[in-house]
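Chemist: File final.txt below, compact mmCIF, C-alpha atoms:
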```txt
# COMPACT_ATOMS: atom_id res chain seq x y z
CA MET J 11 144.01 174.36 115.05
CA SER J 12 144.69 175.46 111.47
CA THR J 13 143.55 178.98 112.47
CA LEU J 14 146.00 179.22 115.39
CA THR J 15 147.67 182.63 115.58
CA SER J 16 150.38 183.93 117.87
CA ARG J 17 152.83 186.80 118.27
CA MET J 18 155.29 184.79 116.17
CA GLU J 19 153.38 185.67 113.01
CA ALA J 20 154.84 189.18 113.27
CA VAL J 21 158.42 187.84 113.43
CA GLN J 22 160.41 187.40 110.25
CA SER J 23 161.71 183.93 109.42
CA PRO J 24 165.48 183.56 109.95
CA VAL J 25 167.14 183.78 106.56
CA ILE J 26 170.15 181.52 107.16
CA PRO J 27 168.13 178.25 107.26
CA ILE J 28 166.31 179.35 104.09
CA VAL J 29 169.56 180.02 102.26
CA GLY J 30 170.95 176.81 103.74
CA GLU J 31 168.14 174.83 102.13
CA LEU J 32 168.90 176.45 98.76
CA ILE J 33 172.55 175.46 99.18
CA ARG J 34 171.54 171.86 99.92
CA ARG J 35 169.50 171.76 96.74
CA HIS J 36 172.53 172.88 94.73
CA PRO J 37 175.53 170.76 95.78
CA GLY J 38 178.94 172.31 95.34
CA THR J 39 177.79 175.80 96.33
CA ILE J 40 180.41 177.85 98.18
CA SER J 41 178.79 179.77 101.01
CA LEU J 42 179.60 183.40 101.66
CA GLY J 43 176.48 183.54 103.79
CA GLN J 44 176.68 182.49 107.44
CA GLY J 45 178.85 184.46 109.83
CA VAL J 46 181.10 181.79 111.29
CA VAL J 47 184.86 181.33 111.52
CA TYR J 48 186.83 178.55 109.84
CA TYR J 49 188.67 177.39 112.96
CA PRO J 50 187.54 175.24 115.95
CA PRO J 51 188.03 175.91 119.67
CA PRO J 52 191.59 175.66 121.01
CA PRO J 53 192.70 172.02 121.44
CA GLU J 54 194.00 172.97 124.88
CA ALA J 55 190.46 173.99 125.85
CA ILE J 56 188.93 170.75 124.57
CA ALA J 57 191.57 168.90 126.59
CA ARG J 58 189.90 170.23 129.75
CA LEU J 59 186.82 168.05 129.19
CA PRO J 60 188.13 165.22 131.42
CA GLU J 61 188.27 167.75 134.24
CA PHE J 62 184.55 168.39 133.77
CA LEU J 63 183.78 164.65 133.62
CA ALA J 64 185.81 163.86 136.73
CA ASP J 65 183.36 165.67 139.00
CA PRO J 66 179.94 163.94 139.24
CA ASP J 67 178.38 167.14 140.54
CA ASN J 68 178.99 168.74 137.15
CA HIS J 69 176.03 166.77 135.81
CA LYS J 70 173.72 168.72 138.11
CA TYR J 71 172.36 172.24 137.74
CA LYS J 72 174.84 175.00 138.48
CA ALA J 73 174.49 178.70 139.26
CA VAL J 74 172.17 180.65 136.99
CA GLN J 75 174.81 183.36 136.57
CA GLY J 76 177.64 181.00 135.60
CA ILE J 77 180.32 179.00 137.39
CA ALA J 78 182.56 181.06 139.69
CA PRO J 79 185.93 180.38 137.95
CA LEU J 80 184.50 181.50 134.59
CA LEU J 81 183.01 184.66 136.09
CA SER J 82 186.39 185.54 137.61
CA THR J 83 188.23 184.92 134.34
CA ILE J 84 185.74 187.03 132.40
CA ALA J 85 186.15 189.85 134.93
CA ALA J 86 189.92 189.79 134.40
CA LYS J 87 189.46 189.78 130.60
CA LEU J 88 187.06 192.74 130.76
CA HIS J 89 189.52 194.73 132.87
CA THR J 90 192.47 194.01 130.56
CA ASP J 91 190.88 194.03 127.11
CA ASN J 92 187.84 196.28 127.49
CA ARG J 93 188.89 198.59 130.34
CA ILE J 94 185.69 197.67 132.14
CA THR J 95 186.01 197.41 135.91
CA LEU J 96 183.54 195.30 137.88
CA ASN J 97 182.27 196.89 141.09
CA GLN J 98 179.14 197.09 143.21
CA HIS J 99 177.29 198.80 140.37
CA ASN J 100 177.60 196.11 137.68
CA CYS J 101 177.97 192.37 137.23
CA ILE J 102 178.48 189.53 134.74
CA VAL J 103 175.96 186.93 133.62
CA VAL J 104 177.14 183.99 131.49
CA THR J 105 174.61 183.10 128.77
CA ALA J 106 174.03 180.54 126.05
CA GLY J 107 175.50 182.87 123.41
CA ALA J 108 175.16 186.61 122.80
CA ASN J 109 171.73 186.21 121.19
CA MET J 110 170.40 184.93 124.49
CA ALA J 111 172.12 187.79 126.27
CA PHE J 112 170.27 190.22 124.00
CA MET J 113 166.92 188.51 124.66
CA ASN J 114 167.65 188.62 128.41
CA ALA J 115 168.28 192.35 128.15
CA ILE J 116 165.14 193.12 126.15
CA LEU J 117 162.86 191.13 128.46
CA ALA J 118 164.49 192.66 131.55
CA ILE J 119 164.06 196.31 130.58
CA THR J 120 160.78 196.42 128.64
CA SER J 121 157.05 195.97 128.88
CA PRO J 122 154.85 195.14 125.85
CA GLY J 123 154.53 198.13 123.54
CA ASP J 124 157.87 199.70 124.46
CA GLU J 125 160.33 200.82 121.78
CA ILE J 126 163.95 199.84 121.11
CA ILE J 127 166.04 201.89 118.66
CA ILE J 128 168.18 199.85 116.26
CA GLN J 129 170.37 201.04 113.42
CA THR J 130 169.76 200.06 109.79
CA PRO J 131 170.95 197.86 108.36
CA TYR J 132 170.27 195.88 111.52
CA TYR J 133 171.24 192.41 112.76
CA PHE J 134 168.09 190.43 112.02
CA ASN J 135 168.06 188.42 115.28
CA HIS J 136 167.94 191.69 117.23
CA GLU J 137 164.88 192.86 115.31
CA MET J 138 163.29 189.44 115.77
CA ALA J 139 163.91 189.41 119.54
CA ILE J 140 162.36 192.87 119.99
CA THR J 141 159.27 191.80 118.07
CA MET J 142 159.02 188.52 120.02
CA ALA J 143 158.95 190.56 123.23
CA SER J 144 155.89 192.44 121.90
CA CYS J 145 157.96 195.60 121.60
CA HIS J 146 158.54 197.85 118.60
CA PRO J 147 161.88 198.15 116.78
CA VAL J 148 162.42 201.79 115.79
CA LEU J 149 164.72 201.95 112.78
CA VAL J 150 167.30 204.73 112.45
CA ALA J 151 169.37 204.80 109.28
CA THR J 152 173.15 205.00 109.53
CA ASP J 153 175.04 207.42 107.24
CA GLN J 154 176.47 206.73 103.76
CA ASN J 155 179.40 204.87 105.33
CA TYR J 156 177.10 203.03 107.76
CA GLN J 157 178.31 205.01 110.75
CA LEU J 158 176.12 206.15 113.66
CA ARG J 159 174.04 209.33 113.41
CA PRO J 160 173.65 210.43 117.05
CA GLN J 161 171.31 213.33 116.25
CA ALA J 162 169.00 211.06 114.27
CA ILE J 163 168.99 208.66 117.21
CA ALA J 164 168.13 211.52 119.58
CA ASN J 165 165.25 212.57 117.32
CA ALA J 166 163.84 209.02 117.38
CA ILE J 167 163.59 208.80 121.19
CA THR J 168 160.05 208.94 122.59
CA GLU J 169 158.50 208.38 126.01
CA LYS J 170 158.24 204.67 125.09
CA THR J 171 161.93 204.25 124.22
CA LYS J 172 163.80 201.90 126.56
CA ALA J 173 167.15 201.45 124.81
CA VAL J 174 169.41 202.23 121.88
CA VAL J 175 171.27 199.27 120.36
CA THR J 176 174.71 199.57 118.75
CA ILE J 177 176.82 196.80 117.19
CA SER J 178 180.50 197.53 116.75
CA PRO J 179 182.31 196.03 114.92
CA ASN J 180 179.11 195.78 112.94
CA ASN J 181 177.09 192.93 111.54
CA PRO J 182 176.16 193.20 108.67
CA THR J 183 178.26 196.13 107.37
CA GLY J 184 181.68 195.57 108.93
CA ALA J 185 181.74 199.19 110.11
CA VAL J 186 183.59 200.03 113.34
CA TYR J 187 182.05 202.95 115.24
CA SER J 188 184.30 205.70 116.50
CA LYS J 189 184.86 206.39 120.18
CA ALA J 190 183.31 209.84 119.74
CA ALA J 191 180.12 208.47 118.18
CA LEU J 192 179.72 205.72 120.78
CA GLN J 193 180.37 208.21 123.57
CA ALA J 194 177.75 210.56 122.12
CA VAL J 195 175.15 207.77 122.05
CA ASN J 196 176.08 206.57 125.54
CA GLU J 197 175.82 210.07 126.97
CA LEU J 198 172.50 210.57 125.16
CA CYS J 199 171.14 207.42 126.79
CA ARG J 200 172.29 208.59 130.22
CA GLU J 201 170.66 211.99 129.75
CA ARG J 202 167.36 210.50 128.55
CA GLY J 203 167.22 207.78 131.20
CA ILE J 204 167.35 204.84 128.80
CA TYR J 205 169.78 201.96 128.26
CA HIS J 206 172.62 201.62 125.78
CA ILE J 207 172.85 197.98 124.62
CA SER J 208 176.29 197.45 123.09
CA ASP J 209 176.78 194.23 121.10
CA GLU J 210 180.52 193.53 120.92
CA ALA J 211 180.56 189.97 119.55
CA TYR J 212 183.24 190.93 116.98
CA GLU J 213 185.40 192.94 119.37
CA TYR J 214 188.73 191.45 118.20
CA PHE J 215 188.01 191.47 114.46
CA THR J 216 189.39 194.85 113.39
CA TYR J 217 191.78 195.79 110.60
CA ASN J 218 193.93 198.68 109.34
CA GLY J 219 194.87 199.71 112.86
CA VAL J 220 191.27 200.53 113.81
CA LYS J 221 190.52 199.95 117.50
CA HIS J 222 187.38 198.60 119.14
CA VAL J 223 185.85 200.66 121.97
CA SER J 224 183.61 199.35 124.77
CA PRO J 225 181.01 201.95 125.91
CA ALA J 226 180.88 200.42 129.40
CA ALA J 227 184.42 201.77 129.89
CA PHE J 228 183.18 205.38 129.62
CA PRO J 229 182.83 207.38 132.84
CA GLN J 230 179.34 207.34 134.41
CA SER J 231 178.22 204.52 132.10
CA HIS J 232 177.73 201.68 134.60
CA SER J 233 174.09 202.40 135.49
CA HIS J 234 172.68 202.40 131.93
CA THR J 235 175.06 200.34 129.75
CA ILE J 236 174.46 196.68 128.86
CA SER J 237 177.40 195.00 127.08
CA LEU J 238 177.07 191.73 125.14
CA TYR J 239 179.95 189.38 124.27
CA SER J 240 180.34 186.03 122.55
CA LEU J 241 182.90 183.24 122.27
CA SER J 242 181.30 182.00 119.02
CA LYS J 243 183.57 184.03 116.75
CA THR J 244 186.69 184.67 118.80
CA TYR J 245 187.25 181.08 119.89
CA GLY J 246 185.32 179.12 117.23
CA PHE J 247 182.62 178.32 119.80
CA ALA J 248 179.51 178.62 117.63
CA SER J 249 177.86 175.33 118.65
CA TRP J 250 179.07 175.43 122.27
CA ARG J 251 176.73 178.37 122.95
CA ILE J 252 178.60 180.50 125.43
CA GLY J 253 178.41 184.26 125.68
CA TYR J 254 178.12 186.74 128.52
CA MET J 255 176.70 190.11 129.41
CA VAL J 256 177.79 192.94 131.67
CA ILE J 257 174.74 194.60 133.18
CA PRO J 258 173.89 197.21 135.81
CA GLN J 259 173.51 195.51 139.19
CA HIS J 260 169.88 196.64 139.44
CA LEU J 261 168.98 194.42 136.45
CA LEU J 262 170.44 191.22 137.90
CA ALA J 263 167.27 190.01 139.63
CA ALA J 264 165.23 190.40 136.43
CA VAL J 265 167.87 188.76 134.24
CA LYS J 266 168.18 185.82 136.63
CA LYS J 267 164.41 185.28 136.50
CA ILE J 268 164.54 185.16 132.70
CA GLN J 269 167.58 182.93 132.46
CA ASP J 270 166.37 180.54 135.16
CA THR J 271 163.07 180.13 133.28
CA ILE J 272 164.48 179.68 129.78
CA LEU J 273 167.81 177.99 130.45
CA ILE J 274 168.30 177.39 134.22
CA CYS J 275 172.07 177.65 133.74
CA PRO J 276 174.46 177.90 130.77
CA PRO J 277 175.73 174.45 129.66
CA VAL J 278 178.32 173.59 132.30
CA VAL J 279 180.44 171.47 129.95
CA SER J 280 180.68 174.46 127.61
CA GLN J 281 181.59 176.73 130.51
CA TYR J 282 184.56 174.51 131.37
CA VAL J 283 185.85 174.70 127.81
CA ALA J 284 185.16 178.45 127.71
CA LEU J 285 187.14 178.93 130.91
CA ALA J 286 190.17 177.23 129.38
CA ALA J 287 189.84 179.21 126.13
CA LEU J 288 189.63 182.56 127.91
CA GLN J 289 192.59 181.68 130.12
CA MET J 290 194.66 181.31 126.94
CA GLY J 291 193.83 184.87 125.97
CA MET J 292 194.42 185.85 122.37
CA SER J 293 197.47 183.66 121.76
CA TYR J 294 195.31 181.10 119.95
CA THR J 295 192.95 183.48 118.16
CA GLN J 296 195.27 186.19 116.87
CA PRO J 297 196.96 184.09 114.15
CA HIS J 298 193.53 183.06 112.88
CA ILE J 299 192.39 186.68 112.76
CA GLN J 300 195.52 187.51 110.77
CA ALA J 301 194.61 184.72 108.32
CA ILE J 302 191.09 186.16 108.01
CA ALA J 303 192.64 189.58 107.36
CA THR J 304 194.56 188.07 104.43
CA VAL J 305 191.35 186.56 103.05
CA ARG J 306 189.65 189.94 103.55
CA GLN J 307 192.27 191.65 101.38
CA LEU J 308 191.93 189.06 98.61
CA ILE J 309 188.17 189.56 98.53
CA LEU J 310 188.46 193.33 98.58
CA GLU J 311 190.81 193.26 95.60
CA ALA J 312 188.48 190.93 93.67
CA LEU J 313 185.45 193.13 94.39
CA GLN J 314 187.13 196.06 92.69
CA ARG J 315 186.17 194.38 89.41
CA LEU J 316 182.55 195.19 90.25
CA ASP J 317 183.21 198.93 90.19
CA GLY J 318 180.21 200.59 88.59
CA LEU J 319 177.98 197.60 89.30
CA CYS J 320 178.24 197.69 93.10
CA ALA J 321 179.24 200.13 95.82
CA ILE J 322 181.36 198.56 98.57
CA ALA J 323 181.07 200.12 102.01
CA PRO J 324 184.23 200.78 104.07
CA ALA J 325 184.56 197.83 106.44
CA ASP J 326 187.31 197.82 109.06
CA GLY J 327 185.75 195.21 111.31
CA ALA J 328 183.95 191.87 111.71
CA PHE J 329 184.24 189.65 108.62
CA TYR J 330 181.63 191.10 106.30
CA PHE J 331 181.42 193.26 103.23
CA TRP J 332 178.18 195.08 102.47
CA LEU J 333 177.40 195.64 98.80
CA LYS J 334 174.90 198.07 97.35
CA VAL J 335 174.07 196.59 93.96
CA ASN J 336 173.05 198.91 91.15
CA THR J 337 170.08 196.93 89.92
CA SER J 338 166.30 196.75 90.10
CA VAL J 339 166.48 192.98 90.60
CA ASN J 340 164.90 191.88 93.88
CA PRO J 341 167.73 190.94 96.30
CA VAL J 342 166.11 187.61 97.26
CA GLU J 343 165.80 186.72 93.58
CA LEU J 344 169.42 187.78 93.05
CA VAL J 345 170.57 185.49 95.87
CA GLU J 346 168.57 182.60 94.44
CA ARG J 347 170.08 183.11 90.98
CA LEU J 348 173.61 183.28 92.39
CA ILE J 349 173.09 179.95 94.15
CA ARG J 350 171.24 178.24 91.30
CA ASP J 351 173.30 179.41 88.35
CA HIS J 352 176.69 180.26 89.85
CA ARG J 353 176.94 178.06 92.97
CA VAL J 354 177.79 180.84 95.41
CA ALA J 355 175.66 182.00 98.35
CA VAL J 356 175.33 185.40 100.02
CA LEU J 357 172.54 186.94 102.11
CA PRO J 358 169.97 189.49 100.85
CA GLY J 359 169.84 192.95 102.39
CA THR J 360 166.11 192.73 102.98
CA THR J 361 166.64 190.44 105.97
CA PHE J 362 168.75 193.24 107.53
CA GLY J 363 165.94 195.77 107.14
CA MET J 364 166.98 197.32 103.81
CA GLU J 365 163.71 197.27 101.88
CA GLU J 366 164.65 199.96 99.36
CA GLY J 367 167.33 199.06 96.82
CA CYS J 368 169.35 195.89 96.42
CA TYR J 369 171.96 195.00 99.04
CA LEU J 370 174.01 191.87 99.73
CA ARG J 371 176.08 190.75 102.72
CA ILE J 372 179.28 188.81 102.03
CA ALA J 373 180.69 186.79 104.94
CA TYR J 374 184.30 185.61 104.68
CA GLY J 375 185.23 184.34 108.16
CA ALA J 376 184.57 180.71 107.23
CA LEU J 377 186.85 180.78 104.17
CA GLN J 378 190.51 179.87 103.90
CA LYS J 379 192.83 181.00 101.14
CA GLU J 380 192.31 177.69 99.32
CA THR J 381 188.59 178.31 98.83
CA VAL J 382 188.25 182.08 98.87
CA ALA J 383 189.59 182.59 95.34
CA GLU J 384 187.02 180.22 93.84
CA GLY J 385 184.16 181.56 95.94
CA ILE J 386 184.75 185.22 95.20
CA GLU J 387 185.39 184.47 91.51
CA ARG J 388 181.98 182.82 91.28
CA LEU J 389 180.39 185.82 92.97
CA VAL J 390 182.09 188.40 90.76
CA GLN J 391 181.38 186.52 87.55
CA GLY J 392 177.83 185.78 88.67
CA LEU J 393 177.06 189.42 89.40
CA GLN J 394 178.68 190.53 86.16
CA THR J 395 176.57 188.04 84.20
CA ILE J 396 173.28 188.79 85.95
CA LEU J 397 173.69 192.57 85.97
CA SER J 398 174.80 192.79 82.35
```
Would you mind giving the structure from this file in structure tokens?

Modeler:
Amino acid sequence: MSTLTSRMEAVQSPVIPIVGELIRRHPGTISLGQGVVYYPPPPEAIARLPEFLADPDNHKYKAVQGIAPLLSTIAAKLHTDNRITLNQHNCIVVTAGANMAFMNAILAITSPGDEIIIQTPYYFNHEMAITMASCHPVLVATDQNYQLRPQAIANAITEKTKAVVTISPNNPTGAVYSKAALQAVNELCRERGIYHISDEAYEYFTYNGVKHVSPAAFPQSHSHTISLYSLSKTYGFASWRIGYMVIPQHLLAAVKKIQDTILICPPVVSQYVALAALQMGMSYTQPHIQAIATVRQLILEALQRLDGLCAIAPADGAFYFWLKVNTSVNPVELVERLIRDHRVAVLPGTTFGMEEGCYLRIAYGALQKETVAEGIERLVQGLQTILS
């Protein structure tokens, strides 16, 4: 069995557990690595757990698509916040997080050997999922500010292309794509008969007055647009594993086959808590996002001290900064040295598909004002020391 091979050999190893092991080996390290928020789910949502426990039937399998009250609440949220109207042409599927929603989408629309266009730098789990499905990720570079290049995307489409993926607000760059650019990509997909997969996990995390746009709200988009959402960031739901997708109705049978095989149904206990969280709307989350915005500004001001050593991309969304480091040092080695010698962790750009040059992703959603000053000071001083 030592010679066993499988399709998984072509899939990159997830970087966060690797960096996590380095952090464990160096106690006291402040992590600017994993993309999580500092706050938990709303206490009012957790308080709904007795309601789940009171019904013995809740310990049995439930609908593959999600429980009816949650589907209704999501539909109302989509109408109000995203301007997406549910009708006979589209539908909602509740998933165990947005990553599962993405995997559902890829398996539903592809056959082995098909191509999916993703933007670089990409979200590594998207690239991994495409490869796992025995499909080919086609990489299209964003521009100097990490914005979409619709013409480059058009040029990359072949007869094997099944979808174009966009993430806005973006992981890993923090870029927020304009309505015009997203509309151009969505229209391109409609014209070419392929899908537009829109990952909107960070939909509420925008700054400086910049607004998030949902492509499924565009006219004539319902038949080819797949929208992915997550509660992990907005409501501090990372371990509860609840997300959802809005898909064309004609994909529902395929998605239900996939979800029934892999999951059967999303965790019902998590769906109850998700229902309560979504019914609260943004009253719980907005103050936390404002606190993250304050942390964001503190980090941005501290990073100015790296002028000449790093280029910082404009980032009006999510909770990431993307640094291009002016060095020939390998980014993985740079990350290791920052953890070992300076007790601060970030992620290397190579795991996001940036093989040329040295890039780092800084995540700040998990930090509060009490820890951000120390963490960013270690990073700035560490980079200054290493790069000098």

Chemist: Compare J:Val174, J:Ile56, J:Ala73, J:Leu344 by their minimum atom-to-atom distance to Leu273 (chain J), counting only C-alpha atoms, and give me the closest one.

Modeler: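 Closest to Leu273 (chain J) of all the choices is J:Ala73.
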
Chemist: Could you please determine the separation between CA of Ile268 (chain J) and CA of Asn114 (chain J) in Å, to one decimal place?

Modeler: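 Atom-to-atom, CA of Ile268 (chain J) to CA of Asn114 (chain J), that is 6.3 Å.
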
Chemist: For a cut-off of 12 Å around (159.8, 192.7, 129.4), file coordinates, pick out all residues using all atoms listed in the file and list them as a PDB file with C-alpha atoms, keeping the file's coordinate frame.

Modeler:
```
ATOM      1  CA  MET J 113     166.920 188.510 124.660  1.00  0.00           C
ATOM      2  CA  ASN J 114     167.650 188.620 128.410  1.00  0.00           C
ATOM      3  CA  ALA J 115     168.280 192.350 128.150  1.00  0.00           C
ATOM      4  CA  ILE J 116     165.140 193.120 126.150  1.00  0.00           C
ATOM      5  CA  LEU J 117     162.860 191.130 128.460  1.00  0.00           C
ATOM      6  CA  ALA J 118     164.490 192.660 131.550  1.00  0.00           C
ATOM      7  CA  ILE J 119     164.060 196.310 130.580  1.00  0.00           C
ATOM      8  CA  THR J 120     160.780 196.420 128.640  1.00  0.00           C
ATOM      9  CA  SER J 121     157.050 195.970 128.880  1.00  0.00           C
ATOM     10  CA  PRO J 122     154.850 195.140 125.850  1.00  0.00           C
ATOM     11  CA  GLY J 123     154.530 198.130 123.540  1.00  0.00           C
ATOM     12  CA  ASP J 124     157.870 199.700 124.460  1.00  0.00           C
ATOM     13  CA  GLU J 125     160.330 200.820 121.780  1.00  0.00           C
ATOM     14  CA  ILE J 126     163.950 199.840 121.110  1.00  0.00           C
ATOM     15  CA  ALA J 139     163.910 189.410 119.540  1.00  0.00           C
ATOM     16  CA  ILE J 140     162.360 192.870 119.990  1.00  0.00           C
ATOM     17  CA  THR J 141     159.270 191.800 118.070  1.00  0.00           C
ATOM     18  CA  MET J 142     159.020 188.520 120.020  1.00  0.00           C
ATOM     19  CA  ALA J 143     158.950 190.560 123.230  1.00  0.00           C
ATOM     20  CA  SER J 144     155.890 192.440 121.900  1.00  0.00           C
ATOM     21  CA  CYS J 145     157.960 195.600 121.600  1.00  0.00           C
ATOM     22  CA  LYS J 172     163.800 201.900 126.560  1.00  0.00           C
ATOM     23  CA  LEU J 261     168.980 194.420 136.450  1.00  0.00           C
ATOM     24  CA  ALA J 264     165.230 190.400 136.430  1.00  0.00           C
ATOM     25  CA  VAL J 265     167.870 188.760 134.240  1.00  0.00           C
ATOM     26  CA  LYS J 267     164.410 185.280 136.500  1.00  0.00           C
ATOM     27  CA  ILE J 268     164.540 185.160 132.700  1.00  0.00           C
TER      28      ILE J 268
END
```

Chemist: State, in Å with one decimal place, the distance from CA of Gly184 (chain J) to CA of Arg353 (chain J).

Modeler: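 Separation between CA of Gly184 (chain J) and CA of Arg353 (chain J): 24.2 Å.
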
Chemist: Given the choices J:Pro182, J:Gly359, J:Pro52, J:Pro341, which gets closest to Ala287 (chain J) if the distance is worked out from only C-alpha atoms?

Modeler: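 Of all the options, J:Pro52 lies closest to Ala287 (chain J).
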
Chemist: Measuring atom to atom with all atoms listed in the file, identify which of J:Met138, J:Ala301, J:Ala325, J:Ile272 is nearest to Val220 (chain J).

Modeler: J:Ala325

Chemist: Report the centre and edge lengths, in Å to one decimal, of an axis-aligned box enclosing every atom of region 366-380 of chain J listed in the file, padded by 4 Å on each side, as JSON.

Modeler:
```
{"center_x": 178.7, "center_y": 188.8, "center_z": 102.3, "size_x": 36.2, "size_y": 30.3, "size_z": 19.7}
```

Chemist: Just the number, please: distance in Å from CA of Asn135 (chain J) to CA of Ser240 (chain J), one decimal.

Modeler: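 Here the two named atoms are 14.5 Å from each other.
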
Chemist: Nearest to Asp270 (chain J) among J:Val103, J:Ala321, J:Met364, J:Ala312, with distances taken over only C-alpha atoms: which residue is it?

Modeler: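 Among the listed residues, J:Val103 lies closest to Asp270 (chain J).
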